[in-house]
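model-v8.txt follows (compact mmCIF, C-alpha atoms):
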# COMPACT_ATOMS: atom_id res chain seq x y z
CA MET N 1 81.38 172.97 133.68
CA GLU N 2 80.14 173.58 130.20
CA SER N 3 79.42 170.68 127.92
CA LEU N 4 81.01 171.22 124.57
CA GLY N 5 78.71 172.70 121.99
CA HIS N 6 76.04 173.41 124.56
CA PRO N 7 76.30 176.83 126.09
CA ARG N 8 74.79 176.73 129.56
CA ARG N 9 71.07 177.18 129.44
CA SER N 10 68.47 177.26 132.15
CA PRO N 11 67.53 173.78 133.42
CA PRO N 12 64.81 172.04 131.43
CA THR N 13 61.41 172.54 132.99
CA ASP N 14 59.64 169.39 131.88
CA ASP N 15 60.50 165.83 130.89
CA ASP N 16 59.95 166.45 127.22
CA GLU N 17 62.41 169.32 127.06
CA ALA N 18 64.93 167.42 129.20
CA ILE N 19 64.67 164.40 126.91
CA ALA N 20 64.97 166.47 123.74
CA ARG N 21 68.09 168.15 125.06
CA SER N 22 69.54 164.86 126.37
CA LEU N 23 69.06 163.35 122.92
CA ALA N 24 71.13 166.23 121.55
CA GLY N 25 73.94 165.23 123.94
CA ASP N 26 73.24 167.80 126.66
CA LEU N 27 74.34 165.98 129.83
CA ASP N 28 73.29 168.91 132.02
CA ALA N 29 69.73 168.25 130.91
CA TYR N 30 70.06 164.53 131.55
CA GLU N 31 71.37 165.23 135.06
CA VAL N 32 68.14 167.08 135.75
CA LEU N 33 66.14 164.09 134.56
CA VAL N 34 68.19 161.68 136.70
CA ALA N 35 67.79 163.84 139.78
CA ARG N 36 64.05 164.12 139.19
CA TYR N 37 63.50 160.35 139.05
CA SER N 38 66.25 159.21 141.40
CA VAL N 39 64.12 158.66 144.50
CA LEU N 40 61.34 156.86 142.63
CA ALA N 41 63.91 154.68 140.85
CA HIS N 42 65.50 153.71 144.17
CA ARG N 43 62.10 152.91 145.68
CA THR N 44 61.22 150.75 142.70
CA ALA N 45 64.51 148.84 142.72
CA ALA N 46 64.45 148.26 146.48
CA MET N 47 60.81 147.21 146.60
CA LEU N 48 61.22 144.83 143.68
CA GLY N 49 64.05 143.03 145.45
CA ALA N 50 67.36 144.77 144.77
CA ALA N 51 67.81 145.49 148.50
CA ASP N 52 71.18 147.02 149.32
CA GLU N 53 72.23 146.89 145.69
CA ALA N 54 69.54 149.31 144.64
CA GLU N 55 72.10 152.08 144.15
CA ASP N 56 74.04 150.04 141.61
CA VAL N 57 70.88 148.96 139.87
CA VAL N 58 69.64 152.53 139.60
CA GLN N 59 72.92 153.89 138.22
CA GLU N 60 73.09 151.13 135.67
CA ALA N 61 69.48 151.77 134.70
CA PHE N 62 70.06 155.49 134.17
CA VAL N 63 73.16 154.81 132.08
CA LYS N 64 71.22 152.32 129.95
CA ALA N 65 68.28 154.68 129.66
CA TYR N 66 70.54 157.39 128.29
CA ARG N 67 72.16 155.06 125.79
CA ASN N 68 68.74 153.85 124.65
CA LEU N 69 67.02 157.18 124.69
CA THR N 70 66.61 157.14 120.92
CA SER N 71 64.25 154.17 121.31
CA PHE N 72 62.01 156.13 123.66
CA ARG N 73 58.77 157.22 122.02
CA ARG N 74 58.50 160.93 122.58
CA ASP N 75 54.72 160.96 122.83
CA ALA N 76 54.79 158.36 125.65
CA PRO N 77 55.34 159.09 129.35
CA PHE N 78 58.94 158.78 130.54
CA ARG N 79 58.24 157.44 134.02
CA PRO N 80 57.06 153.88 133.17
CA TRP N 81 59.66 153.62 130.40
CA LEU N 82 62.43 154.36 132.89
CA LEU N 83 60.98 152.17 135.63
CA ARG N 84 60.81 149.25 133.24
CA ILE N 85 64.57 149.52 132.78
CA VAL N 86 64.94 149.68 136.56
CA ALA N 87 62.74 146.58 136.94
CA ASN N 88 64.73 144.74 134.27
CA GLU N 89 68.02 145.60 135.93
CA THR N 90 66.60 144.43 139.26
CA HIS N 91 65.54 141.13 137.67
CA ASN N 92 68.98 140.69 136.10
CA LEU N 93 70.58 141.24 139.48
CA THR N 94 68.32 138.91 141.41
CA ARG N 95 68.63 136.24 138.73
CA SER N 96 72.41 136.45 138.78
CA ARG N 97 72.69 136.10 142.53
CA GLY N 98 69.95 133.47 142.63
CA ARG N 99 67.86 135.09 145.28
CA ARG N 100 65.62 138.04 145.67
CA ASP N 101 65.45 140.11 148.79
CA ARG N 102 61.83 140.73 149.38
CA LEU N 103 60.71 144.28 149.41
CA ALA N 104 63.51 146.10 151.12
CA ALA N 105 61.96 149.10 152.81
CA ARG N 106 61.74 150.44 156.31
CA LEU N 107 58.57 151.50 157.97
CA THR N 108 59.00 155.06 159.17
CA GLU N 109 57.88 155.89 162.64
CA ALA N 110 54.77 157.91 162.14
CA VAL N 111 54.79 161.22 163.93
CA PRO N 112 51.29 161.36 165.41
CA PRO N 113 49.32 164.18 163.81
CA LEU N 114 48.32 166.97 166.15
CA GLY N 115 45.49 165.84 168.35
CA GLU N 116 46.02 162.13 167.73
CA ASP N 117 46.54 159.95 170.73
CA PRO N 118 50.15 158.62 170.71
CA GLU N 119 48.79 155.23 171.68
CA GLU N 120 46.56 155.20 168.63
CA ALA N 121 49.53 156.19 166.47
CA ALA N 122 51.48 153.26 167.87
CA VAL N 123 48.59 150.95 167.00
CA SER N 124 48.55 152.32 163.43
CA THR N 125 52.29 151.74 163.09
CA ASP N 126 51.88 148.21 164.33
CA ARG N 127 49.05 147.57 161.85
CA ARG N 128 51.20 148.88 159.02
CA ALA N 129 54.10 146.65 160.06
CA ARG N 130 51.86 143.58 159.98
CA LEU N 131 50.38 144.55 156.64
CA LEU N 132 53.92 144.97 155.27
CA ASP N 133 54.81 141.49 156.54
CA ALA N 134 51.73 140.12 154.81
CA VAL N 135 52.74 141.78 151.52
CA ARG N 136 56.22 140.31 151.89
CA THR N 137 54.82 136.79 152.13
CA LEU N 138 52.85 137.07 148.88
CA PRO N 139 54.02 134.92 145.97
CA GLU N 140 56.46 136.90 143.85
CA ARG N 141 54.18 137.55 140.88
CA GLU N 142 51.38 138.86 143.02
CA ARG N 143 53.71 140.80 145.23
CA GLU N 144 55.23 142.63 142.28
CA THR N 145 51.90 143.85 141.01
CA VAL N 146 50.72 144.85 144.49
CA VAL N 147 53.98 146.73 145.06
CA CYS N 148 53.65 148.61 141.77
CA ARG N 149 49.95 149.36 142.05
CA TYR N 150 49.79 150.43 145.71
CA LEU N 151 53.19 150.99 147.28
CA LEU N 152 54.56 152.78 144.20
CA GLN N 153 51.13 154.07 143.22
CA LEU N 154 51.44 153.23 139.53
CA SER N 155 48.38 152.87 137.32
CA GLU N 156 47.42 149.49 135.83
CA ALA N 157 48.81 150.57 132.46
CA GLU N 158 52.08 151.74 134.00
CA THR N 159 52.39 148.54 136.04
CA ALA N 160 51.85 146.51 132.88
CA GLN N 161 54.62 148.40 131.12
CA VAL N 162 57.06 148.27 134.03
CA LEU N 163 56.61 144.52 134.60
CA ASP N 164 56.26 143.79 130.89
CA LEU N 165 52.86 142.11 131.31
CA PRO N 166 49.50 142.43 129.57
CA VAL N 167 47.11 144.69 131.47
CA GLY N 168 44.75 141.74 131.98
CA THR N 169 47.50 139.83 133.78
CA VAL N 170 48.18 142.82 136.02
CA LYS N 171 44.48 142.93 136.90
CA SER N 172 44.24 139.23 137.71
CA ARG N 173 47.48 139.07 139.69
CA THR N 174 46.54 142.17 141.64
CA SER N 175 43.15 140.78 142.54
CA ARG N 176 44.64 137.42 143.54
CA GLY N 177 47.17 139.27 145.68
CA LEU N 178 44.46 141.35 147.32
CA ALA N 179 42.39 138.25 148.01
CA ARG N 180 45.33 136.58 149.68
CA LEU N 181 46.06 139.68 151.73
CA ARG N 182 42.43 139.85 152.74
CA GLU N 183 42.64 136.30 154.08
CA GLU N 184 45.77 137.16 156.00
CA VAL N 185 44.11 140.28 157.37
CA ALA N 186 41.06 138.33 158.46
CA ARG N 187 43.13 135.57 160.09
CA ASP N 188 45.43 137.99 161.83
CA LEU N 189 42.79 140.60 162.61
CA ILE N 190 45.21 143.29 161.47
CA MET Z 1 35.84 141.51 157.35
CA THR Z 2 37.91 144.10 155.59
CA SER Z 3 36.37 145.45 152.43
CA SER Z 4 38.37 145.64 149.24
CA ASP Z 5 38.42 149.42 149.23
CA ASP Z 6 39.57 149.48 152.81
CA LEU Z 7 42.46 147.14 152.05
CA GLU Z 8 43.46 149.16 149.00
CA ALA Z 9 43.40 152.35 151.05
CA ARG Z 10 45.53 150.70 153.71
CA LEU Z 11 48.06 149.58 151.12
CA LEU Z 12 48.30 153.08 149.69
CA ASP Z 13 48.73 154.40 153.22
CA LEU Z 14 51.44 151.81 153.87
CA GLY Z 15 53.32 153.06 150.79
CA GLU Z 16 53.36 156.55 152.25
CA PHE Z 17 55.12 155.26 155.35
CA LEU Z 18 57.75 153.16 153.64
CA ASP Z 19 61.21 154.58 153.56
CA VAL Z 20 63.86 153.44 151.10
CA PRO Z 21 67.28 154.89 151.79
CA SER Z 22 68.71 156.50 148.70
CA PRO Z 23 71.60 158.87 148.08
CA PRO Z 24 70.89 162.55 147.37
CA PRO Z 25 69.49 162.85 143.82
CA ASP Z 26 72.14 165.30 142.66
CA GLU Z 27 74.87 162.85 143.72
CA VAL Z 28 73.19 160.12 141.70
CA ALA Z 29 72.97 162.50 138.75
CA ARG Z 30 76.66 163.34 138.97
CA ALA Z 31 77.69 159.68 139.25
CA VAL Z 32 75.59 158.79 136.20
CA ARG Z 33 77.03 161.70 134.27
CA ALA Z 34 80.56 160.64 135.13
CA ARG Z 35 79.87 157.19 133.71
CA LEU Z 36 78.37 158.65 130.57
CA GLU Z 37 81.35 160.90 129.99
CA VAL Z 38 83.69 157.92 129.81
CA PRO Z 39 83.23 156.38 126.37
CA ALA Z 40 81.63 152.95 126.44
CA PRO Z 41 84.25 150.33 125.54
CA GLU Z 42 82.06 148.79 122.86
CA ALA Z 43 81.40 152.16 121.25
CA PRO Z 44 84.15 154.69 121.94
CA ALA Z 45 83.01 158.24 121.47
CA VAL Z 46 86.34 159.20 119.96
CA THR Z 47 87.76 156.76 117.48
CA GLY Z 48 89.56 159.03 115.07
CA GLY Z 49 89.05 156.50 112.29
CA ARG Z 50 91.24 153.98 114.03
CA GLY Z 51 88.45 151.61 114.87
CA VAL Z 52 87.56 150.01 118.14
CA LEU Z 53 90.39 149.10 120.46
CA ARG Z 54 90.52 145.46 121.39
CA ARG Z 55 92.84 144.23 124.01
CA GLY Z 56 92.72 141.32 126.35
CA TRP Z 57 92.33 143.15 129.61
CA GLY Z 58 89.55 144.48 131.72
CA THR Z 59 87.99 147.83 131.11
CA LEU Z 60 86.20 150.10 133.51
CA ARG Z 61 83.00 148.16 133.00
CA ALA Z 62 84.45 144.82 133.94
CA GLY Z 63 84.16 143.23 137.33
CA GLY Z 64 81.59 142.98 140.05
CA ARG Z 65 79.16 145.57 141.15
CA ALA Z 66 81.05 146.49 144.29
CA ARG Z 67 84.14 147.03 142.23
CA ARG Z 68 82.18 149.03 139.74
CA ARG Z 69 80.93 151.27 142.50
CA ALA Z 70 84.52 152.00 143.50
CA VAL Z 71 85.52 152.48 139.89
CA VAL Z 72 82.61 154.82 139.29
CA ALA Z 73 83.76 156.99 142.16
CA ALA Z 74 87.26 157.00 140.75
CA VAL Z 75 86.03 157.81 137.28
CA ALA Z 76 84.05 160.74 138.60
CA ILE Z 77 87.25 162.13 140.09
CA LEU Z 78 89.25 161.40 136.97
CA VAL Z 79 86.71 163.02 134.73
CA ALA Z 80 86.71 166.10 136.93
CA LEU Z 81 90.51 166.24 136.78
CA PHE Z 82 90.50 165.59 133.07
CA LEU Z 83 87.95 168.24 132.17
CA GLY Z 84 89.59 170.71 134.50
CA ALA Z 85 93.11 170.18 133.27
CA THR Z 86 93.12 169.28 129.61
CA PRO Z 87 92.75 171.92 126.95
CA ALA Z 88 89.85 170.97 124.70
CA GLY Z 89 90.87 169.12 121.60
CA ARG Z 90 94.44 168.51 122.69
CA ALA Z 91 94.38 164.77 122.78
CA ALA Z 92 91.88 162.22 121.65
CA VAL Z 93 91.49 159.81 124.55
CA VAL Z 94 89.78 156.63 123.52
CA GLU Z 95 89.84 154.84 126.86
CA ILE Z 96 90.75 155.61 130.42
CA LEU Z 97 91.80 152.59 132.40
CA ARG Z 98 92.96 152.32 135.95
CA PHE Z 99 95.37 149.71 137.13
CA ALA Z 100 97.42 149.45 140.31
CA GLY Z 101 97.22 153.16 141.09
CA VAL Z 102 98.02 154.22 137.53
CA GLU Z 103 95.56 155.92 135.27
CA LEU Z 104 96.17 154.99 131.66
CA ARG Z 105 94.83 157.31 129.01
CA ILE Z 106 94.96 155.42 125.82
CA GLY Z 107 94.45 157.12 122.50
CA ASP Z 108 96.45 159.56 120.48
CA PRO Z 109 98.51 161.54 122.97
CA GLY Z 110 100.42 163.63 120.45
CA PRO Z 111 104.15 164.33 120.85
CA LEU Z 112 105.94 163.15 123.99
CA PRO Z 113 106.32 165.80 126.68
CA SER Z 114 109.59 167.67 126.45
CA TRP Z 115 109.74 169.04 129.98
CA ALA Z 116 112.89 168.23 131.87
CA PRO Z 117 112.09 165.64 134.55
CA GLN Z 118 111.35 167.25 137.89
CA PRO Z 119 111.77 165.64 141.29
CA LEU Z 120 108.55 164.42 142.91
CA PRO Z 121 107.13 166.64 145.66
CA GLY Z 122 109.39 166.57 148.73
CA GLU Z 123 111.70 164.04 147.10
CA ARG Z 124 114.86 163.30 149.11
CA ARG Z 125 117.60 160.75 149.23
CA VAL Z 126 117.58 158.30 152.09
CA THR Z 127 119.04 154.90 152.87
CA LEU Z 128 116.93 151.78 152.43
CA GLU Z 129 116.67 151.44 156.20
CA GLN Z 130 115.53 155.05 156.61
CA ALA Z 131 112.99 154.59 153.82
CA GLY Z 132 111.48 151.63 155.68
CA GLY Z 133 110.60 153.92 158.57
CA GLN Z 134 109.13 156.63 156.34
CA VAL Z 135 106.64 154.75 154.21
CA ALA Z 136 103.55 152.96 155.45
CA PHE Z 137 104.05 149.78 153.40
CA PRO Z 138 106.74 147.11 153.15
CA ILE Z 139 109.39 148.04 150.58
CA ALA Z 140 109.98 145.38 147.97
CA VAL Z 141 113.50 144.89 146.63
CA PRO Z 142 114.18 142.80 143.51
CA THR Z 143 117.02 140.38 144.23
CA ALA Z 144 117.84 140.32 140.50
CA LEU Z 145 119.21 143.84 140.83
CA GLY Z 146 120.79 143.77 144.26
CA GLU Z 147 121.02 146.82 146.49
CA PRO Z 148 119.75 149.98 144.77
CA ASP Z 149 122.27 152.71 144.00
CA GLU Z 150 119.89 155.29 145.33
CA VAL Z 151 116.69 155.34 147.40
CA ARG Z 152 114.35 158.31 147.45
CA VAL Z 153 111.20 158.99 149.45
CA SER Z 154 108.67 161.54 148.15
CA ASP Z 155 105.40 163.23 149.01
CA SER Z 156 105.54 162.53 152.78
CA GLY Z 157 106.19 158.84 152.37
CA ARG Z 158 103.62 158.16 149.67
CA VAL Z 159 106.20 156.97 147.16
CA VAL Z 160 109.53 155.24 147.52
CA SER Z 161 111.80 155.04 144.47
CA LEU Z 162 114.69 152.62 144.07
CA LEU Z 163 117.21 153.49 141.36
CA TRP Z 164 119.81 151.48 139.48
CA PRO Z 165 121.60 152.67 136.37
CA GLY Z 166 118.92 152.96 133.69
CA LEU Z 167 116.22 151.47 135.91
CA ARG Z 168 113.76 152.98 138.30
CA LEU Z 169 111.31 151.12 140.55
CA ASP Z 170 108.60 153.27 142.13
CA GLU Z 171 106.50 151.76 144.90
CA TYR Z 172 103.44 153.51 146.22
CA ASP Z 173 100.11 153.05 147.91
CA GLY Z 174 98.05 151.65 145.01
CA GLY Z 175 94.66 152.50 146.47
CA LEU Z 176 91.67 154.08 144.84
CA LEU Z 177 93.16 157.42 143.90
CA PRO Z 178 95.57 157.35 141.01
CA VAL Z 179 99.20 158.16 141.80
CA TYR Z 180 100.44 158.40 138.23
CA ARG Z 181 98.92 159.20 134.90
CA LYS Z 182 100.28 157.78 131.69
CA GLU Z 183 99.22 159.06 128.31
CA LEU Z 184 100.04 156.65 125.59
CA GLY Z 185 99.35 155.58 122.05
CA PRO Z 186 100.30 152.41 120.19
CA PRO Z 187 101.83 149.92 120.68
CA TRP Z 188 99.14 149.10 123.25
CA PRO Z 189 99.75 147.75 126.74
CA MET Z 190 99.97 144.00 127.14
CA GLU Z 191 98.45 142.02 129.96
CA THR Z 192 100.83 139.71 131.74
CA ARG Z 193 101.35 138.29 135.22
CA VAL Z 194 103.84 138.62 138.02
CA GLY Z 195 103.24 135.55 140.18
CA ASP Z 196 99.54 135.58 140.98
CA ALA Z 197 99.15 139.28 140.25
CA GLU Z 198 97.92 140.89 137.07
CA ALA Z 199 100.46 143.14 135.41
CA GLN Z 200 100.60 145.47 132.42
CA TRP Z 201 103.58 145.90 130.18
CA ILE Z 202 103.66 149.26 128.44
CA PRO Z 203 106.11 148.93 125.57
CA ALA Z 204 105.73 152.48 124.22
CA HIS Z 205 107.48 155.60 125.36
CA HIS Z 206 104.78 157.69 126.96
CA GLY Z 207 103.96 160.80 128.95
CA LEU Z 208 104.05 160.32 132.73
CA THR Z 209 102.54 162.68 135.27
CA TYR Z 210 102.76 162.28 139.02
CA LEU Z 211 99.48 163.21 140.73
CA PRO Z 212 100.40 164.64 144.13
CA ARG Z 213 98.55 163.65 147.24
CA GLY Z 214 95.79 166.14 147.95
CA GLY Z 215 95.65 167.51 144.40
CA GLY Z 216 97.88 170.27 143.07
CA GLU Z 217 97.99 168.42 139.80
CA THR Z 218 98.12 171.57 137.71
CA GLU Z 219 101.68 172.15 138.87
CA ALA Z 220 102.82 168.67 137.94
CA ARG Z 221 104.39 168.50 134.51
CA PRO Z 222 104.45 165.37 132.48
CA ARG Z 223 107.79 163.85 131.57
CA ALA Z 224 108.67 161.30 128.95
CA ALA Z 225 108.92 157.79 130.35
CA GLY Z 226 110.36 154.64 128.79
CA PRO Z 227 108.81 151.17 128.60
CA THR Z 228 107.32 150.28 131.96
CA LEU Z 229 105.91 147.29 133.77
CA ILE Z 230 103.19 148.00 136.32
CA TRP Z 231 101.80 145.53 138.80
CA ARG Z 232 100.42 145.28 142.27
CA ARG Z 233 101.72 143.52 145.34
CA GLY Z 234 99.01 143.52 147.99
CA GLN Z 235 97.97 147.14 148.34
CA VAL Z 236 101.26 148.40 146.94
CA GLY Z 237 101.47 149.51 143.33
CA LEU Z 238 104.79 149.11 141.54
CA ARG Z 239 106.11 150.59 138.33
CA LEU Z 240 109.39 149.44 136.91
CA GLU Z 241 110.68 151.80 134.27
CA GLY Z 242 113.60 151.21 131.99
CA PRO Z 243 113.93 147.49 131.17
CA GLY Z 244 114.34 147.12 127.43
CA ASP Z 245 111.94 144.24 126.99
CA ILE Z 246 109.15 142.40 128.76
CA GLY Z 247 111.32 139.36 129.48
CA ARG Z 248 113.86 141.38 131.46
CA ALA Z 249 111.06 143.33 133.17
CA LEU Z 250 109.33 140.16 134.35
CA GLU Z 251 112.62 138.61 135.46
CA ILE Z 252 113.24 141.62 137.67
CA ALA Z 253 109.63 141.81 138.90
CA ARG Z 254 109.52 138.12 139.81
CA SER Z 255 112.65 138.45 141.90
CA VAL Z 256 111.01 140.98 144.20
CA ARG Z 257 111.19 139.95 147.86
Could I get this structure in the form of structure tokens?
Amino acid sequence: MESLGHPRRSPPTDDDEAIARSLAGDLDAYEVLVARYSVLAHRTAAMLGAADEAEDVVQEAFVKAYRNLTSFRRDAPFRPWLLRIVANETHNLTRSRGRRDRLAARLTEAVPPLGEDPEEAAVSTDRRARLLDAVRTLPERERETVVCRYLLQLSEAETAQVLDLPVGTVKSRTSRGLARLREEVARDLI
Amino acid sequence: MTSSDDLEARLLDLGEFLDVPSPPPDEVARAVRARLEVPAPEAPAVTGGRGVLRRGWGTLRAGGRARRRAVVAAVAILVALFLGATPAGRAAVVEILRFAGVELRIGDPGPLPSWAPQPLPGERRVTLEQAGGQVAFPIAVPTALGEPDEVRVSDSGRVVSLLWPGLRLDEYDGGLLPVYRKELGPPWPMETRVGDAEAQWIPAHHGLTYLPRGGGETEARPRAAGPTLIWRRGQVGLRLEGPGDIGRALEIARSVR
């Protein structure tokens, strides 16, 4: 279906073009942007505590992002700007229901790489499961930074933007979280 | 003792093995688009100089998240129907609201439709007893009006219509998919109640289109409808067309047994 005033064009190839066209009201272009970041947005919402309401959170975040696109600085990266909206929506949700589901994610069964002993693969899976449990027991502030930095693989600067914290705070919370995990690891011999 | 680098590597590895279920990205994109195509209530995309509509009833954005999810799905369907079926620029729709199986398009609908009323799909006359065996919900009869002069069942039992002189009560499965579409301008609908149930009184004459089960909407022609009360009784949607004022409409609606 054609959007009025926008004859169908080829899909935007990068974020900048997609954003420029979305700002001009081209919803085809915005669909491309949503599809591109959908999986990451769901991961972020679920791992920050939205659990089974991640889908609602993500939709709401994309709608808000579109309506606030004019406030996006074009020379800045889109990813942390979007994920901050996702994190905010997740916080709104968890505040409103008075609880936060910790890090909703499933550990996938690892398919043992060729040549790896299935028994060893089972041991690796078990170690991952126990590490995940340890992350889940971290205090919320430390858990959030550890989730962003490692499980979502965001940089310190991105984590700071997404969680709306100074970079120094991200550094200190991350290192406190790692120290606590290290204790757990040592105690549990995981 | 695990070194810091080792722990960091293990956390990164853990992230690779974590699975978060999420719907297919193109479905998410379509759902978001559908929501963006419906004007936000606080800032309608089409105002036509009339200003922002303010009425005391819920809009598509109201309600809980679960309800919103259902509404979003419905809106996606409505938007698809709307864009597929309405010639561009024909009518300025300021808001689309759904209530009790009726889609209300509120804005500037232009002149009332002049098509002669057509029967609903498969419409046929039956007795009240026969109707009871042909529809999947209990048929409500308003005691204020007594036995209907005529009873009709349409669209394979989806709708039952009770008729009295000048009055028509349609009862239908008021689920997620809209059964009727009303296109209306001012005076705006009023929120009221029938017992515990929310109701809407539509005082204006308006265009009414029946949306057949399983689509086929393009063949349905709108007809002009008079003032109408719509409300819900359990899962059943009801529309009472023809009472001259809200007082009479509510009197009839409240007598439904």
Give me the residues near Ala224 in chain Z as an NGL selection string, where near means some atom within 9 Å (using only C-alpha atoms) and where sequence neighbours in that chain fewer than 4 positions away do not count. :Z and (112-117 or 205-209)
Proximity of chain Z to chain N: per-residue shortest pair, 8 Å limit, all atoms listed in the file, as CSV:
residue,atom,partner,partner_atom,distance
Z:Met1,CA,N:Ala186,CA,6.2
Z:Thr2,CA,N:Arg182,CA,6.8
Z:Ser4,CA,N:Leu178,CA,7.7
Z:Leu7,CA,N:Arg182,CA,7.3
Z:Glu8,CA,N:Tyr150,CA,7.2
Z:Arg10,CA,N:Arg128,CA,8.0
Z:Leu11,CA,N:Tyr150,CA,5.7
Z:Leu12,CA,N:Tyr150,CA,5.0
Z:Leu14,CA,N:Arg128,CA,5.9
Z:Gly15,CA,N:Leu151,CA,4.1
Z:Glu16,CA,N:Leu151,CA,7.5
Z:Phe17,CA,N:Thr108,CA,5.4
Z:Leu18,CA,N:Leu107,CA,4.7
Z:Asp19,CA,N:Arg106,CA,5.0
Z:Val20,CA,N:Ala105,CA,5.0
Z:Pro21,CA,N:His42,CA,7.9
Z:Ser22,CA,N:His42,CA,6.2
Z:Pro23,CA,N:Glu55,CA,7.9
Z:Pro25,CA,N:Ala35,CA,4.5
Z:Asp26,CA,N:Ala35,CA,5.4
Z:Val28,CA,N:Ala35,CA,6.8
Z:Ala29,CA,N:Glu31,CA,4.9
Z:Arg30,CA,N:Glu31,CA,6.8
Z:Ala31,CA,N:Gln59,CA,7.6
Z:Val32,CA,N:Gln59,CA,5.9
Z:Arg33,CA,N:Glu31,CA,6.7
Z:Arg35,CA,N:Val63,CA,7.3
Z:Leu36,CA,N:Val63,CA,6.6
Z:Arg65,CA,N:Asp56,CA,6.8
Z:Arg69,CA,N:Asp56,CA,7.1
Which is closest to Glu171 in chain Z among Z:Glu198, Z:Asp13, Z:Glu241, Z:Glu37, if we use all atoms listed in the file?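 The shortest atom-to-atom distance to Glu171 in chain Z comes from Z:Glu241.
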Need to verify the contact set: range 182-196 of chain Z, 6 Å, only C-alpha atoms, exclusion of same-chain residues closer than 4 positions in sequence. Can you return it as a ChimeraX atom specification? /Z:104-109,200-202,204,206-208,254
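CA of Asp15 in chain N to CA of Thr70 in chain N spans 14.6 Å [interatomic distance, one decimal].
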Using all atoms listed in the file: which of Z:Gly244, Z:Gly214, Z:Pro24, Z:Gly234 has the shortest distance to Leu167 in chain Z: Z:Gly244
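Note that CA of Pro178 in chain Z and CA of Gly132 in chain Z are 22.4 Å apart.
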Residue neighbourhood Arg168 in chain Z, 12 Å, all atoms listed in the file, exclusion window fewer than 4 positions, as an mmCIF file with C-alpha atoms, keeping the file's coordinate frame:
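After the write, selection-v9.cif holds the following:
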data_model
loop_
_atom_site.group_PDB
_atom_site.id
_atom_site.type_symbol
_atom_site.label_atom_id
_atom_site.label_comp_id
_atom_site.auth_asym_id
_atom_site.auth_seq_id
_atom_site.Cartn_x
_atom_site.Cartn_y
_atom_site.Cartn_z
ATOM 1 C CA VAL Z 141 113.500 144.890 146.630
ATOM 2 C CA PRO Z 142 114.180 142.800 143.510
ATOM 3 C CA LEU Z 145 119.210 143.840 140.830
ATOM 4 C CA PRO Z 148 119.750 149.980 144.770
ATOM 5 C CA ASP Z 149 122.270 152.710 144.000
ATOM 6 C CA GLU Z 150 119.890 155.290 145.330
ATOM 7 C CA VAL Z 151 116.690 155.340 147.400
ATOM 8 C CA ARG Z 152 114.350 158.310 147.450
ATOM 9 C CA VAL Z 160 109.530 155.240 147.520
ATOM 10 C CA SER Z 161 111.800 155.040 144.470
ATOM 11 C CA LEU Z 162 114.690 152.620 144.070
ATOM 12 C CA LEU Z 163 117.210 153.490 141.360
ATOM 13 C CA TRP Z 164 119.810 151.480 139.480
ATOM 14 C CA ALA Z 225 108.920 157.790 130.350
ATOM 15 C CA GLY Z 226 110.360 154.640 128.790
ATOM 16 C CA PRO Z 227 108.810 151.170 128.600
ATOM 17 C CA THR Z 228 107.320 150.280 131.960
ATOM 18 C CA LEU Z 229 105.910 147.290 133.770
ATOM 19 C CA ILE Z 230 103.190 148.000 136.320
ATOM 20 C CA LEU Z 238 104.790 149.110 141.540
ATOM 21 C CA ARG Z 239 106.110 150.590 138.330
ATOM 22 C CA LEU Z 240 109.390 149.440 136.910
ATOM 23 C CA GLU Z 241 110.680 151.800 134.270
ATOM 24 C CA GLY Z 242 113.600 151.210 131.990
ATOM 25 C CA PRO Z 243 113.930 147.490 131.170
ATOM 26 C CA ALA Z 249 111.060 143.330 133.170
ATOM 27 C CA ILE Z 252 113.240 141.620 137.670
ATOM 28 C CA ALA Z 253 109.630 141.810 138.900
#
Surrounding residues of Arg74 in chain N excluding itself and chain neighbours under 4 positions, 10 Å, all atoms listed in the file, as a list in words: Asp15, Asp16, Ile19, Ala20, Leu69, Thr70 and Phe78 of chain N
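Candidate residues Z:Phe99, Z:Tyr172, Z:Tyr180, Z:Trp231 were compared for distance to Ala197 in chain Z, and the nearest is Z:Trp231, using all atoms listed in the file.
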Provide range 43-59 of chain N of the preceding structure as a file containing C-alpha atoms, as a CSV table (one decimal), in the first residue's frame.
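That gives us selection_24.csv:
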chain,number,residue,atom,x,y,z
N,43,ARG,CA,15.9,-8.6,24.3
N,44,THR,CA,16.5,-5.4,26.1
N,45,ALA,CA,12.9,-5.1,27.5
N,46,ALA,CA,12.9,-8.8,28.6
N,47,MET,CA,16.3,-8.7,30.2
N,48,LEU,CA,15.6,-5.5,32.0
N,49,GLY,CA,12.5,-7.0,33.6
N,50,ALA,CA,9.5,-6.6,31.3
N,51,ALA,CA,9.1,-10.4,31.1
N,52,ASP,CA,6.0,-11.5,29.2
N,53,GLU,CA,5.0,-7.9,28.6
N,54,ALA,CA,8.0,-7.2,26.5
N,55,GLU,CA,5.9,-7.2,23.4
N,56,ASP,CA,3.7,-4.4,24.7
N,57,VAL,CA,6.7,-2.5,26.0
N,58,VAL,CA,8.4,-2.7,22.6
N,59,GLN,CA,5.4,-1.6,20.6
